[in-house]
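Undergrad: Following this message is one structure expressed as structure tokens.
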Amino acid sequence: MRSPLQKVMLMRPVVRGFHTRAFAPRPLRCFHQTTPVSLPRRRNFFTSNQLLAPNDDASTGAATDALLSHPGPSSAPPKRKPVRASAAKSLRLGSTTKPSHSKRAATSSKSPVPEVTTPDEADSSRSIRALCVAQSFDMAKVQEILLFHGFELDPDGTDFDTQAVVHARGVNNGDIFIFPSGTVVTWSMPEDVLVKLAEKHLIRAARFPHLKHSELEMLAFAPDESRDTSFMKGELVILGTKKQESEQNRTDTTLAKIAFSSGLARSPKLAVLETALEYLLQESKATLNVLAAGSQHKLQRSSILKMTGQLLNLRSQLNHYSDITEELPDMFWESESVLEEYYNQIGAALSVRRRIEILNKRIDYANENVTVLREMISEKYGHRLEWIIIALITVEVLFELRRVYREDFAAEA
């Protein structure tokens with residue numbers, strides 16, 4: 001048994017611990033900046049940036065000063081996005097189309113045409129651009145809009161029917177040709193001027209505009225002062241301007257431009273139909289994939305009828321409501337035969353006939369798919385009607401049995 005003195009001696013450390021902040025000594029922690037942390041960071045790590053590389057010798061410093069005083073090509077302002085070839089360009093090579101809000105730069109790798117990369121790099125004074133923004137134009141309203149903005153109509157006196165083509169002259173003697181197919185063709189004019197004219201001013205005369213699905217076709221031309229006639233060299237238009245330079249008579253040059261423009265106007269119009277068909281095929285692709293997997297798909301009659309109407313509209317625009325498939329427009333029948341040759345040359349260069357054949361075949365294929373879906377819808381509704389008829393017959397039989405039973409019961413009573 002311990003004495004009272006020993007108990008006091010044992011309790012003294014315990015009691016003493018209650019009056020301190022800790023029962024045991026704490027480890028030392030450095031909350032202040034130590035010597036290694038206070039040192040500057042050593043930039044001897046690996047880096048490909050010469051500005052951050054270690055400056056060990058004078059050559060490195062000289063290189064750094066050179067970089068700071070003479071910035072490289074990376075400091076140059078970014079260029080605009082190059083013009084992208086759209087659906088019609090691929091169809092010229094016999095391939096399928098691809099959807100896109102298209103702008104096309106028509107070039108040829110085999111012909112001596114300089115490749116057009118961007119609108120800034122291309123010389124607008126040697127370019128032909130065709131933009132399709134609507135199904136058709138009201139030509140009377142087109143003339144009113146051009147006169148309101150101060151354009152001179154038919155400046156060279158070609159006397160073409162204004163319901164077939166309207167000719168005006170713009171800035172820097174650039175020519176503007178508006179066709180009733182909803183296409184505007186310009187010669188020697190910048191692209192932004194063409195887009196502003198077509199999408200902001202002439203759009204008021206448009207019937208069924210489609211600005212979100214507009215198509216742009218671009219070719220190049222070169223004037224030849226030693227020739228009276230013009231011709232196509234690959235996808236380059238050689239424009240004979242001998243009479244214009246010698247006699248100051250632009251009538252023949254303007255007639256040639258009208259013939260080439262009329263043939264070029266078919267290409268963006270055809271590209272709009274190609275893109276519309278591609279969107280339609282993409283919409284029906286999901287339904288066909290579900291049916292191919294053997295799954296049940298909830299086909300709706302309204303969607304099938306909508307697809308049928310769109311296909312009929314595309315076929316009508318291609319073969320009935322426009323002059324895309326015409327061998328020669330009516331306005332060239334009474335003109336010189338050389339204009340017909342110009343029209344056919346640019347049509348051959350842009351593979352218009354081949355693209356029309358491919359588009360008609362693709363419409364036939366899409367029509368077959370829609371026909372199968374329509375038959376499935378009809379069969380589905382036919383089965384539903386059969387079950388309704390069976391249910392009605394069953395109800396009628398039940399009522400007849402009830403009547404017979406009540407008559408027999410009344411007779412027995």
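Every chain in the structure tokens has a letter given in the order shown (A, B, ...), and although residue numbers restart at 1 in each chain, ligands are simply numbered from 1 in the order shown.
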Within 7 Å of Val133 of chain A, counting only C-alpha atoms, which residues show up once you throw out same-chain ones fewer than 5 positions away? Write them as a PyMOL selection string, please.
TA: chain A and resi 182-183+209-211+214
Undergrad: For the residues in the current selection, export C-alpha atoms as a compact mmCIF listing (two decimals), in the first residue's frame.
TA:
# COMPACT_ATOMS: atom_id res chain seq x y z
CA GLY A 182 -33.11 32.27 -108.25
CA THR A 183 -29.42 32.62 -109.22
CA PRO A 209 -35.84 31.68 -100.48
CA HIS A 210 -33.35 29.28 -98.87
CA LEU A 211 -30.56 31.45 -97.48
CA SER A 214 -27.50 28.72 -100.58
Undergrad: Please, which residues of segment 172-257 of chain A, numbered as in this document, come out strand (DSSP E) from DSSP, as a PyMOL selection string?
TA: chain A and resi 175-179+183-187+206-209+215-224+231-233+236-240
Undergrad: Dump C-alpha atoms for the selected residues as a PDB file, in the first residue's frame?
TA:
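And here's result-v5.pdb as it stands now:
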ATOM      1  CA  ASP A 175     -21.421  42.800-114.688  1.00  0.00           C
ATOM      2  CA  ILE A 176     -24.455  41.391-112.856  1.00  0.00           C
ATOM      3  CA  PHE A 177     -26.805  38.828-114.398  1.00  0.00           C
ATOM      4  CA  ILE A 178     -29.984  37.758-112.590  1.00  0.00           C
ATOM      5  CA  PHE A 179     -31.843  34.660-113.789  1.00  0.00           C
ATOM      6  CA  THR A 183     -29.418  32.619-109.222  1.00  0.00           C
ATOM      7  CA  VAL A 184     -27.255  35.744-109.413  1.00  0.00           C
ATOM      8  CA  VAL A 185     -24.054  35.672-111.515  1.00  0.00           C
ATOM      9  CA  THR A 186     -21.381  38.362-111.282  1.00  0.00           C
ATOM     10  CA  TRP A 187     -18.234  39.052-113.304  1.00  0.00           C
ATOM     11  CA  ALA A 206     -37.380  35.875-104.222  1.00  0.00           C
ATOM     12  CA  ARG A 207     -39.983  33.130-104.134  1.00  0.00           C
ATOM     13  CA  PHE A 208     -39.292  30.406-101.559  1.00  0.00           C
ATOM     14  CA  PRO A 209     -35.836  31.681-100.478  1.00  0.00           C
ATOM     15  CA  GLU A 215     -24.796  27.525-102.968  1.00  0.00           C
ATOM     16  CA  LEU A 216     -21.884  29.446-104.481  1.00  0.00           C
ATOM     17  CA  GLU A 217     -19.993  28.455-107.635  1.00  0.00           C
ATOM     18  CA  MET A 218     -16.787  30.211-108.630  1.00  0.00           C
ATOM     19  CA  LEU A 219     -14.785  30.052-111.857  1.00  0.00           C
ATOM     20  CA  ALA A 220     -11.978  32.138-113.300  1.00  0.00           C
ATOM     21  CA  PHE A 221     -11.744  33.878-116.637  1.00  0.00           C
ATOM     22  CA  ALA A 222      -8.963  35.481-118.651  1.00  0.00           C
ATOM     23  CA  PRO A 223      -9.512  38.134-121.347  1.00  0.00           C
ATOM     24  CA  ASP A 224      -7.809  37.594-124.701  1.00  0.00           C
ATOM     25  CA  PHE A 231     -13.956  29.225-125.342  1.00  0.00           C
ATOM     26  CA  MET A 232     -13.433  27.034-122.274  1.00  0.00           C
ATOM     27  CA  LYS A 233      -9.970  25.741-121.416  1.00  0.00           C
ATOM     28  CA  LEU A 236     -11.003  28.561-117.246  1.00  0.00           C
ATOM     29  CA  VAL A 237     -13.098  30.849-119.447  1.00  0.00           C
ATOM     30  CA  ILE A 238     -11.037  32.509-122.195  1.00  0.00           C
ATOM     31  CA  LEU A 239     -13.010  35.631-123.060  1.00  0.00           C
ATOM     32  CA  GLY A 240     -12.346  37.135-126.494  1.00  0.00           C
TER      33      GLY A 240
END
Undergrad: When you count only C-alpha atoms, which of these residues is closest to Ser302 of chain A: A:Leu373, A:Leu385, A:Val193, A:Cys132?
TA: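 Between A:Leu373, A:Leu385, A:Val193, A:Cys132, the residue approaching Ser302 of chain A most closely is A:Leu373.
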Undergrad: With distances taken over only C-alpha atoms, which of A:Ile203, A:Leu255, A:Ala130, A:Val272 is nearest to Asp154 of chain A?
TA: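 Ranking A:Ile203, A:Leu255, A:Ala130, A:Val272 by distance to Asp154 of chain A, first place goes to A:Leu255.
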Undergrad: Residues at most 12 Å from segment 318-328 of chain A, counting only C-alpha atoms, excluding those fewer than 3 positions away in the same chain, as JSON, numbers by chain?
TA: {"A": [134, 135, 136, 137, 164, 179, 180, 181, 182, 183, 259, 262, 263, 264, 265, 266, 267, 268, 269, 270, 271, 272, 273, 274, 276, 277, 311, 312, 313, 314, 315, 331, 332, 333, 334, 335, 337, 339, 340, 341, 342, 343, 344, 345, 347, 348, 352, 353, 354, 355, 356, 357, 358, 359, 360, 363]}
Undergrad: As JSON, numbers by chain, please: every residue in segment 227-328 of chain A that a backbone DSSP assignment puts in helix (DSSP H, G or I).
TA: {"A": [242, 243, 244, 245, 246, 247, 251, 252, 253, 254, 255, 256, 257, 258, 259, 260, 261, 262, 263, 264, 265, 266, 267, 268, 269, 270, 271, 272, 273, 274, 275, 276, 277, 278, 279, 280, 281, 282, 283, 284, 285, 286, 287, 288, 289, 290, 291, 292, 301, 302, 303, 304, 305, 306, 307, 308, 309, 310, 311, 312, 313, 314, 315, 316, 317, 318, 319]}
Undergrad: Residues within 10 Å of Thr158 of chain A, please, as a list in words. Count only C-alpha atoms; anything in the same chain fewer than 2 positions from it doesn't count.
TA: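 Residues meeting the cut-off are Asp154, Pro155, Asp156, Phe160, Asp161, His167, Arg250, Thr251, Asp252, Thr254, Leu255 and Ile258 of chain A.
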Undergrad: Could you check which of A:Leu153, A:Leu291, A:Ala391, A:Met189 is closest to Arg126 of chain A, using only C-alpha atoms?
TA: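 Closest to Arg126 of chain A of all the choices is A:Met189.
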Undergrad: What is the distance, in Å and to one decimal place, between atom CA of Val166 of chain A and atom CA of Leu202 of chain A?
TA: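 A separation of 12.1 Å between them.
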Undergrad: Between atom CA of Glu283 of chain A and atom CA of Ser303 of chain A, measure the distance and give it in Å to one decimal.
TA: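 Atom-to-atom, atom CA of Glu283 of chain A to atom CA of Ser303 of chain A, that is 10.3 Å.
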Undergrad: Any idea what the distance is between atom CA of Glu386 of chain A and atom CA of Gly309 of chain A?
TA: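 Pair atom CA of Glu386 of chain A / atom CA of Gly309 of chain A returns 28.5 Å.
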